[in-house]
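Enquirer: Structure file coords-v6.cif (mmCIF, C-alpha atoms and all ligand atoms) right here:
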```cif
data_upload
loop_
_atom_site.label_atom_id
_atom_site.label_comp_id
_atom_site.auth_asym_id
_atom_site.auth_seq_id
_atom_site.Cartn_x
_atom_site.Cartn_y
_atom_site.Cartn_z
CA MET D 1 0.00 0.00 0.00
CA LYS D 2 1.45 3.34 -1.06
CA PRO D 3 1.48 6.31 1.32
CA HIS D 4 -1.27 8.84 1.80
CA ILE D 5 -0.63 12.24 0.23
CA LEU D 6 -2.32 15.55 1.02
CA VAL D 7 -2.69 17.90 -1.94
CA VAL D 8 -3.15 21.56 -0.96
CA GLU D 9 -4.15 23.58 -4.01
CA ASP D 10 -6.82 26.25 -4.45
CA ASN D 11 -7.18 25.87 -8.21
CA ALA D 12 -9.76 23.15 -8.92
CA PHE D 13 -8.22 22.06 -12.21
CA SER D 14 -4.68 21.75 -10.82
CA ARG D 15 -5.96 20.04 -7.69
CA GLU D 16 -7.90 17.40 -9.60
CA LEU D 17 -5.02 16.84 -11.99
CA LEU D 18 -2.57 16.28 -9.12
CA CYS D 19 -4.98 14.04 -7.21
CA ASP D 20 -5.84 11.94 -10.26
CA TRP D 21 -2.20 11.54 -11.15
CA LEU D 22 -1.23 10.54 -7.61
CA GLU D 23 -4.00 7.96 -7.53
CA LEU D 24 -2.79 6.58 -10.86
CA GLN D 25 0.62 6.15 -9.22
CA GLY D 26 -1.06 4.11 -6.49
CA PHE D 27 -1.04 6.72 -3.72
CA THR D 28 -4.13 7.48 -1.68
CA VAL D 29 -5.04 11.14 -1.66
CA ASP D 30 -6.80 13.86 0.30
CA SER D 31 -7.07 17.45 -0.77
CA ALA D 32 -7.52 20.90 0.72
CA THR D 33 -8.13 24.27 -0.88
CA SER D 34 -7.14 26.73 1.87
CA LEU D 35 -4.91 27.11 4.91
CA SER D 36 -7.62 26.18 7.39
CA GLU D 37 -8.68 23.18 5.30
CA ALA D 38 -5.06 22.10 5.01
CA LEU D 39 -4.47 22.19 8.77
CA ALA D 40 -7.71 20.31 9.42
CA ALA D 41 -6.81 17.73 6.76
CA VAL D 42 -3.35 17.16 8.23
CA ARG D 43 -4.92 16.40 11.61
CA ARG D 44 -7.63 14.26 10.08
CA CYS D 45 -5.69 12.14 7.61
CA GLU D 46 -2.08 12.31 8.96
CA PRO D 47 -0.52 12.34 5.48
CA ALA D 48 2.85 10.78 4.71
CA ALA D 49 3.67 13.85 2.60
CA VAL D 50 2.13 17.16 1.57
CA LEU D 51 2.09 18.72 -1.88
CA LEU D 52 1.72 22.40 -1.22
CA ASP D 53 0.65 25.13 -3.61
CA VAL D 54 2.48 28.24 -2.45
CA GLN D 55 -0.28 30.64 -3.47
CA LEU D 56 -3.59 29.66 -1.95
CA GLY D 57 -5.78 32.45 -3.23
CA GLY D 58 -4.94 35.33 -0.89
CA GLU D 59 -3.27 33.04 1.64
CA ASP D 60 0.39 32.10 1.93
CA GLY D 61 0.59 28.34 1.49
CA LEU D 62 4.02 28.31 3.14
CA SER D 63 2.30 28.77 6.50
CA VAL D 64 1.37 25.09 6.27
CA ALA D 65 5.05 24.14 6.08
CA ALA D 66 5.98 26.45 8.95
CA TRP D 67 3.15 25.03 11.06
CA LEU D 68 4.26 21.44 10.40
CA ARG D 69 7.87 22.21 11.32
CA LEU D 70 6.77 23.56 14.69
CA ASP D 71 4.61 20.52 15.43
CA LYS D 72 6.82 17.93 17.12
CA ALA D 73 4.57 15.05 16.10
CA ARG D 74 4.50 16.12 12.46
CA GLN D 75 7.72 17.97 11.73
CA HIS D 76 9.12 14.98 9.83
CA ILE D 77 6.34 15.08 7.21
CA PRO D 78 7.88 15.94 3.82
CA VAL D 79 6.47 19.05 2.15
CA ILE D 80 6.98 19.58 -1.56
CA ALA D 81 6.00 23.06 -2.67
CA VAL D 82 4.53 23.82 -6.07
CA THR D 83 5.09 27.36 -7.29
CA ALA D 84 4.26 29.40 -10.35
CA HIS D 85 7.59 31.23 -10.01
CA ALA D 86 10.80 29.52 -11.05
CA MET D 87 13.20 32.19 -9.72
CA ILE D 88 16.01 31.19 -7.37
CA SER D 89 14.83 33.74 -4.79
CA GLU D 90 11.42 32.08 -4.71
CA GLN D 91 13.01 28.66 -4.25
CA GLU D 92 15.10 30.02 -1.37
CA ARG D 93 12.02 31.52 0.26
CA ILE D 94 10.20 28.19 -0.05
CA LEU D 95 13.03 26.09 1.38
CA LYS D 96 13.60 28.57 4.20
CA ALA D 97 9.93 28.27 5.16
CA GLY D 98 10.47 24.58 5.89
CA CYS D 99 9.60 22.87 2.62
CA ASN D 100 11.88 20.00 1.61
CA ALA D 101 11.78 20.67 -2.10
CA CYS D 102 9.95 22.71 -4.66
CA ILE D 103 8.88 22.29 -8.23
CA SER D 104 7.53 24.91 -10.59
CA LYS D 105 4.35 24.98 -12.59
CA PRO D 106 3.54 23.53 -15.05
CA VAL D 107 4.35 20.43 -13.03
CA ASP D 108 6.84 17.97 -14.47
CA PHE D 109 5.26 14.78 -13.17
CA ARG D 110 8.35 12.65 -13.58
CA LEU D 111 10.30 15.11 -11.44
CA LEU D 112 7.48 15.28 -8.91
CA LEU D 113 7.43 11.49 -8.53
CA GLU D 114 11.19 11.47 -8.11
CA LYS D 115 11.07 14.09 -5.34
CA LEU D 116 8.10 12.48 -3.66
CA ASN D 117 9.78 9.05 -3.56
CA ARG D 118 13.02 10.60 -2.36
CA TRP D 119 11.42 12.46 0.51
CA LEU D 120 9.13 9.64 1.53
CA THR D 121 12.24 7.48 1.79
CA VAL D 122 14.03 10.09 3.88
CA ALA D 123 11.02 10.43 6.18
CA GLY D 124 10.79 6.66 6.60
CA VAL D 125 14.46 6.42 7.43
CA MET D 126 14.16 9.28 9.88
CA ASN D 127 11.26 7.59 11.63
CA HIS D 128 13.48 4.62 12.34
CA ASN D 129 16.30 6.77 13.68
CA ALA D 130 18.76 5.34 11.20
CA ARG D 131 19.56 7.96 8.65
CA THR D 132 23.10 6.93 7.90
CA GLU D 133 22.29 4.91 4.79
CA GLY D 134 19.43 7.06 3.58
CA PRO D 135 19.66 9.50 0.72
CA ILE D 136 21.12 12.88 1.55
CA PRO D 137 18.44 15.55 1.89
CA GLU D 138 18.69 18.37 -0.63
CA GLN D 139 17.30 20.67 2.05
CA PRO D 140 18.41 20.11 5.60
CA PHE D 141 16.41 22.10 8.10
CA CYS D 142 18.88 24.54 9.50
CA GLY D 143 17.47 27.90 8.53
CA THR D 144 15.96 29.81 11.39
CA LYS D 145 15.57 30.02 15.13
CA GLU D 146 11.95 28.95 14.79
CA MET D 147 12.88 25.84 12.88
CA PRO D 148 14.80 23.10 14.63
CA CYS D 149 17.98 21.91 13.00
CA ARG D 150 17.54 18.25 12.13
CA THR D 151 20.80 17.58 10.35
CA LYS D 152 24.38 18.71 10.68
CA CYS D 153 24.80 21.64 8.36
MN MN S 201 -2.85 28.65 -6.18
#
```
In structure tokens, what does this structure look like?
Ligand code: MN
Expert:
Amino acid sequence: MKPHILVVEDNAFSRELLCDWLELQGFTVDSATSLSEALAAVRRCEPAAVLLDVQLGGEDGLSVAAWLRLDKARQHIPVIAVTAHAMISEQERILKAGCNACISKPVDFRLLLEKLNRWLTVAGVMNHNARTEGPIPEQPFCGTKEMPCRTKC
């Protein structure tokens, strides 16, 4: 059984596309369209990973990542951000907010699957307290005072 993924995306077309594609890959899926829905869905379905649209209408999707990183029970959950902006500064902002990786729209599904598998593996390894043989994270959490440092960096 593949892991459960939460898709947070306010645009109905993008949301359905992502959900359908994830289900085709064998994942089970839940979705949310706003910050409040996303936080409720995390508590309800305890996803193995979150796909996070950075722009949720007028809301900042990155708040979901920041909230997860402060939640001791859930700070290991991988968050992959999806952004309309491909600039380096945007990627830095996203990673600094606590996301593990980001991909730009339009979504390259092969790349998304690669990142999803990579981060699910890392999360699984971390859960078993044996990270030594796991893949090296592309984004260690070491950014800010608010965010705990989880790797040597
Ligand atoms: Mn959006």
Enquirer: Step by step: start from the point (8.3, 15.6, -12.7) in the file's coordinates, keep every protein, DNA or RNA residue that has an atom no farther than 12 Å from it, count all atoms listed in the file, and write the set as an MDAnalysis selection string.
Expert: chainID D and resid 18 21:22 80 82 102:117
Enquirer: Using only C-alpha atoms and all ligand atoms, find the one residue out of D:Arg15, D:His76, D:Arg69, D:Arg93 that sits nearest to ligand MN 201 (chain S).
Expert: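 Ranked by minimum distance to ligand MN 201 (chain S), first place goes to D:Arg15.
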Enquirer: Compile a residue-level contact table for chain D against ligand MN 201 (chain S) at a cut-off of 7 Å, reporting for every qualifying residue the shortest atom pair and its distance in Å to one decimal, with only C-alpha atoms and all ligand atoms counted, rows ordered by chain and ascending number, as CSV.
Expert:
```
residue,atom,partner,partner_atom,distance
D:Glu9,CA,S:MN201,MN,5.7
D:Asp10,CA,S:MN201,MN,5.0
D:Asn11,CA,S:MN201,MN,5.5
D:Asp53,CA,S:MN201,MN,5.6
D:Val54,CA,S:MN201,MN,6.5
D:Gln55,CA,S:MN201,MN,4.2
D:Leu56,CA,S:MN201,MN,4.4
D:Gly57,CA,S:MN201,MN,5.6
```
Enquirer: If I take atom CA of D:Val50 and atom CA of D:Val79, how far is one from the other in Å, to one decimal?
Expert: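 Computing the Euclidean distance for atom CA of D:Val50 and atom CA of D:Val79 yields 4.8 Å.
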Enquirer: So, with all atoms listed in the file as the atoms that count, which of D:Val64, D:Val8, D:Leu17, D:Ala49 lies closest to D:Arg118?
Expert: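 Distance minimum relative to D:Arg118 lands on D:Ala49.
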Enquirer: Please provide the set of residues having any atom within 8 Å of D:Asp30, restricted to all atoms listed in the file, with same-chain residues fewer than 3 positions apart removed, written as a ChimeraX atom specification.
Expert: /D:4-7,19,41,45
Enquirer: Atom CA of D:Ile77 and atom CA of D:Val122, how far apart in Å?
Expert: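 Pair atom CA of D:Val122 / atom CA of D:Ile77 returns 9.8 Å.
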Enquirer: Between atom CA of D:Arg44 and atom CA of D:Thr28, measure the distance and give it in Å to one decimal.
Expert: 14.0 Å
